[in-house]
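Asker: My questions all concern the structure below.
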Amino acid sequence: MDPKHVKPASAAAQALGWVDEKTRAIAPVIHTATTYLRDEDNQYRSGRIYARADNPAFDQAEALLAHLELGAQAALFSSGMAAATAVFQALAPGDHVVAPKVMYWALRNWLLGFASQWGLKVELVDMADLAAIRHAMQPGRTKLVWIETPANPTWVITDIAAAAEIAHQAGARLAVDSTTASPVLTQPLALGADLVMHSATKYLNGHSDVVAGALVTARDDEVWQRIKKVRAQLGGVPGSLDAWLLLRGMRTLFVRVPAACRGAQRIAEHFTGHPRIEAVLYPGLPTAAGHAVAARQMRGGFGGMLSLRIKGGETAAIATAARVQLWQRATSLGSVESLIEHRASIEGTGSPAPADMLRLSTGIEDAGDLIADLEQALAV
Ligand SMILES: *Cc1c(COP(=O)(O)O)cnc(C)c1O
């Protein structure tokens, strides 16, 4: 059976069924070479020259991710930030880009700082409001609409298909930071997006031990070639061992993500209406503003990420995080262990994170244990 024609969970588990031709090994060889032999007649027929541009250690993770995202090609990067910034660096100074008000904070800061100084015209809009996206478009000048859904750290939902239509009508492309959804829950390219970005540090790797990023394109076109050139020139590529670990992590993606979704849903429902909780932010709750859109474009769950607003404000929130025993008090997300953090402390000034909010990344532990730990941390 061709592993490309089985369900995505099967394709991931077998990493597309790849076997090393020389040794018959069913786990990939770790290629560490930085340079490749030139042919005697001065050609490079292998297509490999130097590992800043390209590395066989990336091939399988890229092929599997492109397959899971229904894309033409994928490219690994040294981090999610390296992947995301390559997309913007493939544009030209003077180009207008539309990005979310609520999005991954380090990328927002880069867009408002470095990218704006470099000449990009960056406009931040409320991406839950389709009229606001439409209003921001400048046909001919707007080259890219960047969205993130569910969006850090309040899990606002953007309608991917509608955003794609608005972008395309104005002659712009749509890129989706799909880090928190993962290809298990959402396939943005099938909904009309042109590019998908992942912080592979999060769900794709899933074990808090690799920093990596990835892009997937719907088409191998001129923009994609510019992005690949940015990667080759700036060298934002992962090391071979990290690429190998990433593929190993991706093989269990379809077990980890549904488990995290089930836990997050239970936690969100449990703490809804809790006397010490001001609000539960989770798109899986029927009361969430983006629930209907999320139900349409996410399948099999609403993600492992949720946020709790704690009664008593910032002091009570930080004190609650201080009392957890099973949850790990750390930033980042998408790993097998559950993480909790006071988000406003990390993001600093200009953050849309409410001061009373704790961001929770649900891992794959027993959900009852996770709830009990939060209950004891909330009981004062
Ligand atoms: C972590 C994260 C990033 C940045 O990725 P790094 O791998 O840390 O560079 C971008 N977007 C989202 C949604 C993230 O969670």
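Ordering of the structure tokens sets the chain letters (A, B, ...), residue numbers begin anew at 1 in every chain, and ligands are numbered from 1 in the order given.
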Distance limit 9 Å, reference ligand 1, atoms considered: only C-alpha atoms and all ligand atoms. Which residues make the cut? Give them as a count of residues only.

Answerer: 37

Asker: Pick out the residues sitting within 8 Å of Gly235 of chain A, and hand them over as number ranges by chain; count only C-alpha atoms, and ignore anything fewer than 4 positions along from it in its own chain.

Answerer: A: 52-53, 230-231

Asker: Print the selection's residues with C-alpha atoms to a file, as a PDB file, in the first residue's frame.

Answerer:
ATOM      1  CA  ARG A  52      23.235  26.328   3.989  1.00  0.00           C
ATOM      2  CA  ALA A  53      21.123  26.105   0.832  1.00  0.00           C
ATOM      3  CA  VAL A 230      16.119  34.159   1.524  1.00  0.00           C
ATOM      4  CA  ARG A 231      16.678  30.907   3.428  1.00  0.00           C
TER       5      ARG A 231
END

Asker: Determine the nearest neighbour of Ile133 of chain A from the options A:Leu174, A:Ala115, A:Ile364, A:Leu253, counting only C-alpha atoms.

Answerer: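 Closest candidate: A:Leu174.
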
Asker: Would you mind telling me which residue in A:Arg173, A:Arg359, A:His207, A:Arg141 lies nearest to Tyr282 of chain A when using only C-alpha atoms?

Answerer: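 Among A:Arg173, A:Arg359, A:His207, A:Arg141, it is A:Arg359 that comes nearest to Tyr282 of chain A.
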
Asker: Can you pull out the residues contacting segment 365-375 of chain A? Cut-off 7 Å, using only C-alpha atoms, and skip same-chain residues under 4 positions away; I want them as a ChimeraX atom specification.

Answerer: /A:263,267,324-326,337,379

Asker: Write out as a short mmCIF file (atom, residue, chain, number, x, y, z; two decimals) with N, CA, C and O atoms, in the first residue's frame each polymer residue whose atoms come within 12 Å of Val156 of chain A, counting only C-alpha atoms; drop sequence neighbours fewer than 4 positions from it.

Answerer:
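As a result, selection-v4.cif now contains:
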data_model
loop_
_atom_site.label_atom_id
_atom_site.label_comp_id
_atom_site.auth_asym_id
_atom_site.auth_seq_id
_atom_site.Cartn_x
_atom_site.Cartn_y
_atom_site.Cartn_z
N PRO A 100 -2.40 40.61 11.98
CA PRO A 100 -3.38 40.69 13.07
C PRO A 100 -2.93 41.57 14.24
O PRO A 100 -1.74 41.65 14.55
N LYS A 101 -3.92 42.17 14.90
CA LYS A 101 -3.62 42.87 16.16
C LYS A 101 -3.24 41.86 17.23
O LYS A 101 -2.38 42.12 18.06
N VAL A 102 -3.91 40.70 17.21
CA VAL A 102 -3.60 39.64 18.17
C VAL A 102 -2.85 38.55 17.41
O VAL A 102 -3.41 37.87 16.57
N MET A 103 -1.56 38.44 17.71
CA MET A 103 -0.73 37.44 17.03
C MET A 103 0.51 37.16 17.88
O MET A 103 0.73 37.82 18.89
N TYR A 104 1.30 36.19 17.44
CA TYR A 104 2.51 35.84 18.16
C TYR A 104 3.36 37.10 18.37
O TYR A 104 3.74 37.77 17.41
N ASP A 126 -8.10 43.77 13.26
CA ASP A 126 -8.81 42.74 14.01
C ASP A 126 -9.23 41.66 13.01
O ASP A 126 -10.15 41.85 12.23
N MET A 127 -8.53 40.53 13.06
CA MET A 127 -8.73 39.49 12.05
C MET A 127 -9.98 38.64 12.28
O MET A 127 -10.29 37.74 11.49
N ALA A 128 -10.69 38.90 13.40
CA ALA A 128 -11.96 38.21 13.61
C ALA A 128 -13.07 38.95 12.85
O ALA A 128 -14.19 38.45 12.72
N ASP A 129 -12.74 40.15 12.36
CA ASP A 129 -13.73 41.04 11.73
C ASP A 129 -13.43 41.11 10.22
O ASP A 129 -12.51 41.81 9.79
N ILE A 147 -2.31 35.85 8.73
CA ILE A 147 -3.24 35.59 9.83
C ILE A 147 -2.69 34.47 10.71
O ILE A 147 -1.77 33.74 10.31
N GLU A 148 -3.25 34.37 11.89
CA GLU A 148 -2.87 33.31 12.83
C GLU A 148 -4.18 32.84 13.46
O GLU A 148 -4.95 33.66 13.95
N THR A 149 -4.44 31.53 13.43
CA THR A 149 -5.70 31.05 13.99
C THR A 149 -5.56 29.61 14.49
O THR A 149 -5.02 28.79 13.74
N PRO A 150 -5.99 29.31 15.74
CA PRO A 150 -6.35 30.25 16.81
C PRO A 150 -5.13 31.11 17.16
O PRO A 150 -4.01 30.62 17.15
N ALA A 151 -5.38 32.40 17.49
CA ALA A 151 -4.28 33.35 17.65
C ALA A 151 -3.87 33.56 19.11
O ALA A 151 -4.71 33.76 19.98
N ASN A 152 -2.57 33.53 19.30
CA ASN A 152 -1.94 33.81 20.59
C ASN A 152 -2.26 35.21 21.08
O ASN A 152 -2.11 36.14 20.30
N THR A 180 -0.65 26.75 16.18
CA THR A 180 -1.46 26.22 17.29
C THR A 180 -2.50 25.22 16.79
O THR A 180 -3.00 24.42 17.58
N LEU A 281 -10.93 31.39 27.97
CA LEU A 281 -10.80 31.70 26.55
C LEU A 281 -10.40 30.42 25.83
O LEU A 281 -9.28 29.94 25.97
N TYR A 282 -11.34 29.86 25.07
CA TYR A 282 -11.09 28.61 24.34
C TYR A 282 -12.11 28.48 23.22
O TYR A 282 -13.31 28.52 23.47
N PRO A 283 -11.65 28.31 21.98
CA PRO A 283 -12.60 28.28 20.85
C PRO A 283 -13.52 27.07 20.87
O PRO A 283 -14.52 27.05 20.14
N GLY A 284 -13.22 26.07 21.70
CA GLY A 284 -14.08 24.89 21.78
C GLY A 284 -15.31 25.09 22.63
O GLY A 284 -16.19 24.22 22.68
N ALA A 288 -17.74 30.86 22.89
CA ALA A 288 -16.62 31.62 22.33
C ALA A 288 -17.05 32.31 21.04
O ALA A 288 -17.78 31.72 20.23
N ALA A 289 -16.56 33.54 20.85
CA ALA A 289 -16.98 34.33 19.68
C ALA A 289 -16.68 33.61 18.37
O ALA A 289 -17.47 33.65 17.44
N GLY A 290 -15.56 32.92 18.31
CA GLY A 290 -15.16 32.28 17.05
C GLY A 290 -15.56 30.82 16.94
O GLY A 290 -15.10 30.12 16.03
N HIS A 291 -16.42 30.35 17.85
CA HIS A 291 -16.71 28.91 17.90
C HIS A 291 -17.27 28.35 16.58
O HIS A 291 -16.83 27.30 16.11
N ALA A 292 -18.23 29.07 15.98
CA ALA A 292 -18.87 28.54 14.76
C ALA A 292 -17.86 28.42 13.63
O ALA A 292 -17.81 27.39 12.93
N VAL A 293 -17.02 29.45 13.46
CA VAL A 293 -16.01 29.40 12.39
C VAL A 293 -15.00 28.30 12.71
O VAL A 293 -14.61 27.52 11.82
N ALA A 294 -14.58 28.22 13.97
CA ALA A 294 -13.61 27.19 14.36
C ALA A 294 -14.18 25.79 14.09
O ALA A 294 -13.47 24.92 13.57
N PHE A 302 -10.36 21.53 19.06
CA PHE A 302 -10.17 22.98 18.98
C PHE A 302 -8.79 23.40 19.47
O PHE A 302 -8.56 24.56 19.78
N MET A 305 -4.57 24.72 23.31
CA MET A 305 -4.27 25.99 23.96
C MET A 305 -5.53 26.66 24.49
O MET A 305 -6.53 26.76 23.80
N LEU A 306 -5.45 27.14 25.73
CA LEU A 306 -6.55 27.93 26.30
C LEU A 306 -5.96 28.92 27.29
O LEU A 306 -4.80 28.81 27.68
N SER A 307 -6.76 29.92 27.64
CA SER A 307 -6.30 30.89 28.63
C SER A 307 -7.39 31.07 29.69
O SER A 307 -8.58 30.97 29.38
N PRO A 352 -1.60 42.50 23.94
CA PRO A 352 -3.06 42.41 24.12
C PRO A 352 -3.45 41.42 25.21
O PRO A 352 -4.64 41.21 25.45
N ALA A 353 -2.46 40.79 25.88
CA ALA A 353 -2.77 39.81 26.92
C ALA A 353 -3.28 40.53 28.17
O ALA A 353 -2.57 41.37 28.72
#

Asker: Can you list, as a compact mmCIF listing (two decimals) with all heavy atoms, in the first residue's frame, every protein, DNA or RNA residue that comes within 7 Å of segment 117-125 of chain A when you count only C-alpha atoms, leaving out same-chain residues fewer than 2 positions away?

Answerer:
# COMPACT_ATOMS: atom_id res chain seq x y z
N PRO A 93 10.51 46.56 -0.18
CA PRO A 93 10.20 47.77 0.58
C PRO A 93 9.10 48.57 -0.14
O PRO A 93 9.11 48.65 -1.37
CB PRO A 93 11.53 48.54 0.58
CG PRO A 93 12.58 47.49 0.42
CD PRO A 93 11.95 46.44 -0.46
N GLY A 94 8.15 49.09 0.63
CA GLY A 94 7.02 49.82 0.04
C GLY A 94 5.77 48.96 -0.06
O GLY A 94 4.66 49.49 -0.14
N ASP A 95 5.93 47.64 -0.04
CA ASP A 95 4.76 46.76 -0.10
C ASP A 95 3.93 46.92 1.17
O ASP A 95 4.47 47.09 2.27
CB ASP A 95 5.18 45.28 -0.24
CG ASP A 95 5.68 44.94 -1.64
OD1 ASP A 95 5.51 45.78 -2.55
OD2 ASP A 95 6.25 43.84 -1.81
N HIS A 96 2.62 46.83 1.00
CA HIS A 96 1.69 46.94 2.13
C HIS A 96 1.31 45.54 2.59
O HIS A 96 1.00 44.67 1.76
CB HIS A 96 0.44 47.70 1.65
CG HIS A 96 -0.63 47.85 2.68
ND1 HIS A 96 -1.88 47.27 2.54
CD2 HIS A 96 -0.67 48.54 3.84
CE1 HIS A 96 -2.63 47.59 3.59
NE2 HIS A 96 -1.92 48.37 4.39
N VAL A 97 1.41 45.29 3.89
CA VAL A 97 1.01 43.99 4.43
C VAL A 97 0.02 44.20 5.57
O VAL A 97 0.10 45.17 6.32
CB VAL A 97 2.21 43.14 4.93
CG1 VAL A 97 3.20 42.88 3.81
CG2 VAL A 97 2.91 43.78 6.10
N VAL A 98 -0.93 43.27 5.66
CA VAL A 98 -1.96 43.35 6.69
C VAL A 98 -1.75 42.17 7.63
O VAL A 98 -1.67 41.02 7.19
CB VAL A 98 -3.37 43.32 6.03
CG1 VAL A 98 -4.45 43.36 7.09
CG2 VAL A 98 -3.51 44.49 5.05
N ALA A 99 -1.63 42.47 8.91
CA ALA A 99 -1.35 41.43 9.92
C ALA A 99 -2.30 41.62 11.10
O ALA A 99 -2.93 42.67 11.23
CB ALA A 99 0.11 41.53 10.36
N PRO A 100 -2.40 40.61 11.98
CA PRO A 100 -3.38 40.69 13.07
C PRO A 100 -2.93 41.57 14.24
O PRO A 100 -1.74 41.65 14.55
CB PRO A 100 -3.52 39.24 13.56
CG PRO A 100 -2.72 38.40 12.62
CD PRO A 100 -1.73 39.29 11.96
N LYS A 101 -3.92 42.17 14.90
CA LYS A 101 -3.62 42.87 16.16
C LYS A 101 -3.24 41.86 17.23
O LYS A 101 -2.38 42.12 18.06
CB LYS A 101 -4.87 43.64 16.62
CG LYS A 101 -5.01 44.98 15.94
CD LYS A 101 -6.15 45.78 16.55
CE LYS A 101 -6.23 47.14 15.88
NZ LYS A 101 -7.58 47.71 15.90
N LEU A 111 7.62 42.98 13.02
CA LEU A 111 6.93 43.69 11.94
C LEU A 111 6.88 45.19 12.20
O LEU A 111 7.11 45.99 11.31
CB LEU A 111 5.50 43.16 11.78
CG LEU A 111 5.37 41.78 11.13
CD1 LEU A 111 3.93 41.28 11.22
CD2 LEU A 111 5.81 41.83 9.67
N LEU A 112 6.60 45.55 13.47
CA LEU A 112 6.49 46.98 13.80
C LEU A 112 7.87 47.62 13.92
O LEU A 112 8.00 48.84 13.77
CB LEU A 112 5.71 47.16 15.11
CG LEU A 112 4.24 46.69 15.06
CD1 LEU A 112 3.56 46.86 16.41
CD2 LEU A 112 3.46 47.45 13.97
N GLY A 113 8.90 46.83 14.18
CA GLY A 113 10.25 47.36 14.31
C GLY A 113 11.04 47.20 13.03
O GLY A 113 10.92 48.00 12.11
N PHE A 114 11.80 46.12 12.93
CA PHE A 114 12.71 45.91 11.80
C PHE A 114 12.03 46.03 10.44
O PHE A 114 12.48 46.74 9.55
CB PHE A 114 13.39 44.54 11.93
CG PHE A 114 14.44 44.31 10.90
CD1 PHE A 114 15.77 44.61 11.17
CD2 PHE A 114 14.11 43.81 9.64
CE1 PHE A 114 16.74 44.41 10.20
CE2 PHE A 114 15.07 43.61 8.67
CZ PHE A 114 16.39 43.91 8.95
N ALA A 115 10.90 45.30 10.28
CA ALA A 115 10.27 45.24 8.95
C ALA A 115 9.76 46.61 8.53
O ALA A 115 9.84 46.98 7.35
CB ALA A 115 9.13 44.23 8.96
N MET A 127 -8.53 40.53 13.06
CA MET A 127 -8.73 39.49 12.05
C MET A 127 -9.98 38.64 12.28
O MET A 127 -10.29 37.74 11.49
CB MET A 127 -7.50 38.58 11.96
CG MET A 127 -6.31 39.26 11.33
SD MET A 127 -6.57 39.57 9.57
CE MET A 127 -4.98 40.28 9.14
N ALA A 132 -13.22 44.46 8.62
CA ALA A 132 -11.98 45.20 8.92
C ALA A 132 -10.86 44.76 7.98
O ALA A 132 -10.06 45.58 7.53
CB ALA A 132 -11.58 44.97 10.38
N ILE A 133 -10.80 43.47 7.65
CA ILE A 133 -9.77 42.99 6.72
C ILE A 133 -10.04 43.61 5.34
O ILE A 133 -9.13 44.14 4.69
CB ILE A 133 -9.77 41.45 6.59
CG1 ILE A 133 -9.74 40.77 7.97
CG2 ILE A 133 -8.57 40.99 5.75
CD1 ILE A 133 -9.79 39.25 7.91

Asker: Just give me the gap between atom CA of Gln265 of chain A and atom CA of Gln376 of chain A in Å, one decimal is fine.

Answerer: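 Distance between the two atoms: 19.4 Å.
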
Asker: As a list in words, please: all residues of segment 114-161 of chain A that backbone DSSP puts in alpha helix (DSSP H).

Answerer: Ser116, Gln117, Trp118, Leu130, Ala131, Ala132, Ile133, Arg134, His135, Ala136, Ile160 and Ala161 of chain A

Asker: Those same residues, written as a compact mmCIF listing (two decimals), in the first residue's frame with all heavy atoms?

Answerer:
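Result saved to again16.txt:
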# COMPACT_ATOMS: atom_id res chain seq x y z
N SER A 116 9.24 47.38 9.49
CA SER A 116 8.74 48.72 9.15
C SER A 116 9.89 49.65 8.80
O SER A 116 9.81 50.42 7.84
CB SER A 116 7.93 49.30 10.32
OG SER A 116 6.80 48.48 10.55
N GLN A 117 11.01 49.55 9.55
CA GLN A 117 12.19 50.36 9.23
C GLN A 117 12.74 50.03 7.85
O GLN A 117 13.23 50.89 7.13
CB GLN A 117 13.29 50.12 10.27
CG GLN A 117 13.10 50.89 11.55
CD GLN A 117 14.01 50.38 12.65
OE1 GLN A 117 15.05 49.79 12.38
NE2 GLN A 117 13.61 50.60 13.89
N TRP A 118 12.63 48.75 7.48
CA TRP A 118 13.14 48.27 6.20
C TRP A 118 12.25 48.76 5.06
O TRP A 118 12.64 48.78 3.90
CB TRP A 118 13.20 46.75 6.27
CG TRP A 118 13.72 46.06 5.08
CD1 TRP A 118 14.99 46.11 4.59
CD2 TRP A 118 12.99 45.19 4.20
NE1 TRP A 118 15.09 45.32 3.48
CE2 TRP A 118 13.89 44.75 3.21
CE3 TRP A 118 11.67 44.73 4.16
CZ2 TRP A 118 13.52 43.87 2.20
CZ3 TRP A 118 11.29 43.86 3.16
CH2 TRP A 118 12.21 43.44 2.18
N LEU A 130 -14.21 40.39 9.43
CA LEU A 130 -13.94 40.32 7.99
C LEU A 130 -14.06 41.68 7.32
O LEU A 130 -13.30 42.00 6.40
CB LEU A 130 -14.88 39.31 7.31
CG LEU A 130 -14.70 37.85 7.75
CD1 LEU A 130 -15.74 36.97 7.08
CD2 LEU A 130 -13.29 37.36 7.43
N ALA A 131 -14.98 42.51 7.82
CA ALA A 131 -15.14 43.85 7.25
C ALA A 131 -13.87 44.66 7.47
O ALA A 131 -13.45 45.44 6.60
CB ALA A 131 -16.35 44.54 7.87
N ALA A 132 -13.22 44.46 8.62
CA ALA A 132 -11.98 45.20 8.92
C ALA A 132 -10.86 44.76 7.98
O ALA A 132 -10.06 45.58 7.53
CB ALA A 132 -11.58 44.97 10.38
N ILE A 133 -10.80 43.47 7.65
CA ILE A 133 -9.77 42.99 6.72
C ILE A 133 -10.04 43.61 5.34
O ILE A 133 -9.13 44.14 4.69
CB ILE A 133 -9.77 41.45 6.59
CG1 ILE A 133 -9.74 40.77 7.97
CG2 ILE A 133 -8.57 40.99 5.75
CD1 ILE A 133 -9.79 39.25 7.91
N ARG A 134 -11.30 43.54 4.91
CA ARG A 134 -11.68 44.09 3.60
C ARG A 134 -11.32 45.57 3.52
O ARG A 134 -10.76 46.04 2.54
CB ARG A 134 -13.19 43.90 3.40
CG ARG A 134 -13.56 43.56 1.98
CD ARG A 134 -15.03 43.19 1.83
NE ARG A 134 -15.30 41.79 2.03
CZ ARG A 134 -16.09 41.29 2.98
NH1 ARG A 134 -16.70 42.09 3.83
NH2 ARG A 134 -16.28 40.00 3.08
N HIS A 135 -11.60 46.29 4.59
CA HIS A 135 -11.37 47.72 4.65
C HIS A 135 -9.87 48.05 4.54
O HIS A 135 -9.48 49.09 4.00
CB HIS A 135 -11.94 48.27 5.96
CG HIS A 135 -11.85 49.75 6.08
ND1 HIS A 135 -12.64 50.61 5.35
CD2 HIS A 135 -11.03 50.55 6.81
CE1 HIS A 135 -12.32 51.84 5.63
NE2 HIS A 135 -11.35 51.84 6.52
N ALA A 136 -9.03 47.14 5.06
CA ALA A 136 -7.58 47.41 5.09
C ALA A 136 -6.90 47.17 3.74
O ALA A 136 -5.79 47.63 3.51
CB ALA A 136 -6.92 46.53 6.15
N ILE A 160 -10.45 31.38 7.64
CA ILE A 160 -9.37 31.27 6.65
C ILE A 160 -9.90 31.41 5.22
O ILE A 160 -9.34 32.16 4.41
CB ILE A 160 -8.63 29.92 6.80
CG1 ILE A 160 -7.99 29.82 8.20
CG2 ILE A 160 -7.58 29.75 5.71
CD1 ILE A 160 -7.43 28.45 8.52
N ALA A 161 -11.00 30.72 4.90
CA ALA A 161 -11.53 30.76 3.53
C ALA A 161 -11.97 32.17 3.17
O ALA A 161 -11.69 32.65 2.06
CB ALA A 161 -12.71 29.78 3.40

Asker: For atom CA of Val19 of chain A and atom CA of Asp209 of chain A, determine how far apart the two atoms are, in Å to one decimal place.

Answerer: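 Interatomic distance, atom CA of Val19 of chain A to atom CA of Asp209 of chain A: 25.2 Å.
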
Asker: Please, what distance in Å, to one decimal, runs between atom CA of Ala316 of chain A and atom CA of Ala259 of chain A?

Answerer: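 A separation of 29.2 Å between them.
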
Asker: Taking into account only C-alpha atoms, which residue in the set A:Ala279, A:Ala264, A:Leu76, A:Met250 is nearest to Val196 of chain A?

Answerer: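 Comparing A:Ala279, A:Ala264, A:Leu76, A:Met250 against Val196 of chain A, the winner is A:Leu76.
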
Asker: Which is closer to Ala377 of chain A than all the others in A:Arg266, A:Arg299, A:Arg323, A:His342, using only C-alpha atoms?

Answerer: A:Arg323

Asker: Name all residues at most 12 Å from Pro8 of chain A (count only C-alpha atoms; drop same-chain ones fewer than 4 positions away) and give them as a PyMOL selection string.

Answerer: chain A and resi 3-4+12-16+64-70+183-185+187+250-255

Asker: Those same residues - C-alpha atoms - I'd like them written as a short mmCIF file (atom, residue, chain, number, x, y, z; two decimals), in the first residue's frame.

Answerer:
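Result file is out.cif:
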data_model
loop_
_atom_site.label_atom_id
_atom_site.label_comp_id
_atom_site.auth_asym_id
_atom_site.auth_seq_id
_atom_site.Cartn_x
_atom_site.Cartn_y
_atom_site.Cartn_z
CA PRO A 3 1.68 5.41 2.30
CA LYS A 4 0.69 8.53 0.36
CA ALA A 12 2.74 10.52 9.68
CA ALA A 13 3.30 7.38 11.77
CA GLN A 14 5.37 5.85 8.95
CA ALA A 15 6.97 9.14 7.82
CA LEU A 16 5.55 8.34 4.37
CA LEU A 64 5.87 14.70 5.25
CA LEU A 65 4.82 18.23 6.20
CA ALA A 66 4.01 19.12 2.57
CA HIS A 67 1.94 15.94 2.40
CA LEU A 68 0.04 16.66 5.64
CA GLU A 69 -0.65 20.27 4.61
CA LEU A 70 -1.65 19.29 1.03
CA PRO A 183 -2.11 20.03 10.24
CA VAL A 184 -4.09 17.58 12.36
CA LEU A 185 -6.85 20.15 13.00
CA GLN A 187 -5.31 22.48 6.49
CA MET A 250 6.01 14.42 13.72
CA ARG A 251 5.46 10.68 13.62
CA THR A 252 3.35 10.88 16.80
CA LEU A 253 1.56 14.13 15.89
CA PHE A 254 -1.78 12.43 15.31
CA VAL A 255 -1.73 10.86 18.78
#

Asker: Using only C-alpha atoms for the distances, tell me which of A:Val6, A:Ala11, A:Ala86, A:Glu40 is nearest to Leu234 of chain A.

Answerer: A:Ala86

Asker: I need the residues in segment 85-187 of chain A that are strand (DSSP E) according to DSSP; give them as a list of chain:residue names.

Answerer: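 After running DSSP on the backbone, segment 85-187 of chain A has strand (DSSP E) at A:His96, A:Val97, A:Val98, A:Ala99, A:Pro100, A:Lys121, A:Val122, A:Glu123, A:Leu124, A:Val125, A:Thr142, A:Lys143, A:Leu144, A:Val145, A:Trp146, A:Ile147, A:Glu148, A:Arg173, A:Leu174, A:Ala175, A:Val176, A:Asp177.
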
Asker: Looking at A:Ser10, A:Gln73, A:Thr154, A:Gln60, which one is nearest to Pro354 of chain A, with distances taken over only C-alpha atoms?

Answerer: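 Closest to Pro354 of chain A, using only C-alpha atoms: A:Thr154.
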
Asker: Write out as a count of residues only which residues come within 12 Å of Arg38 of chain A when counting only C-alpha atoms, dropping same-chain ones fewer than 6 positions away.

Answerer: 7
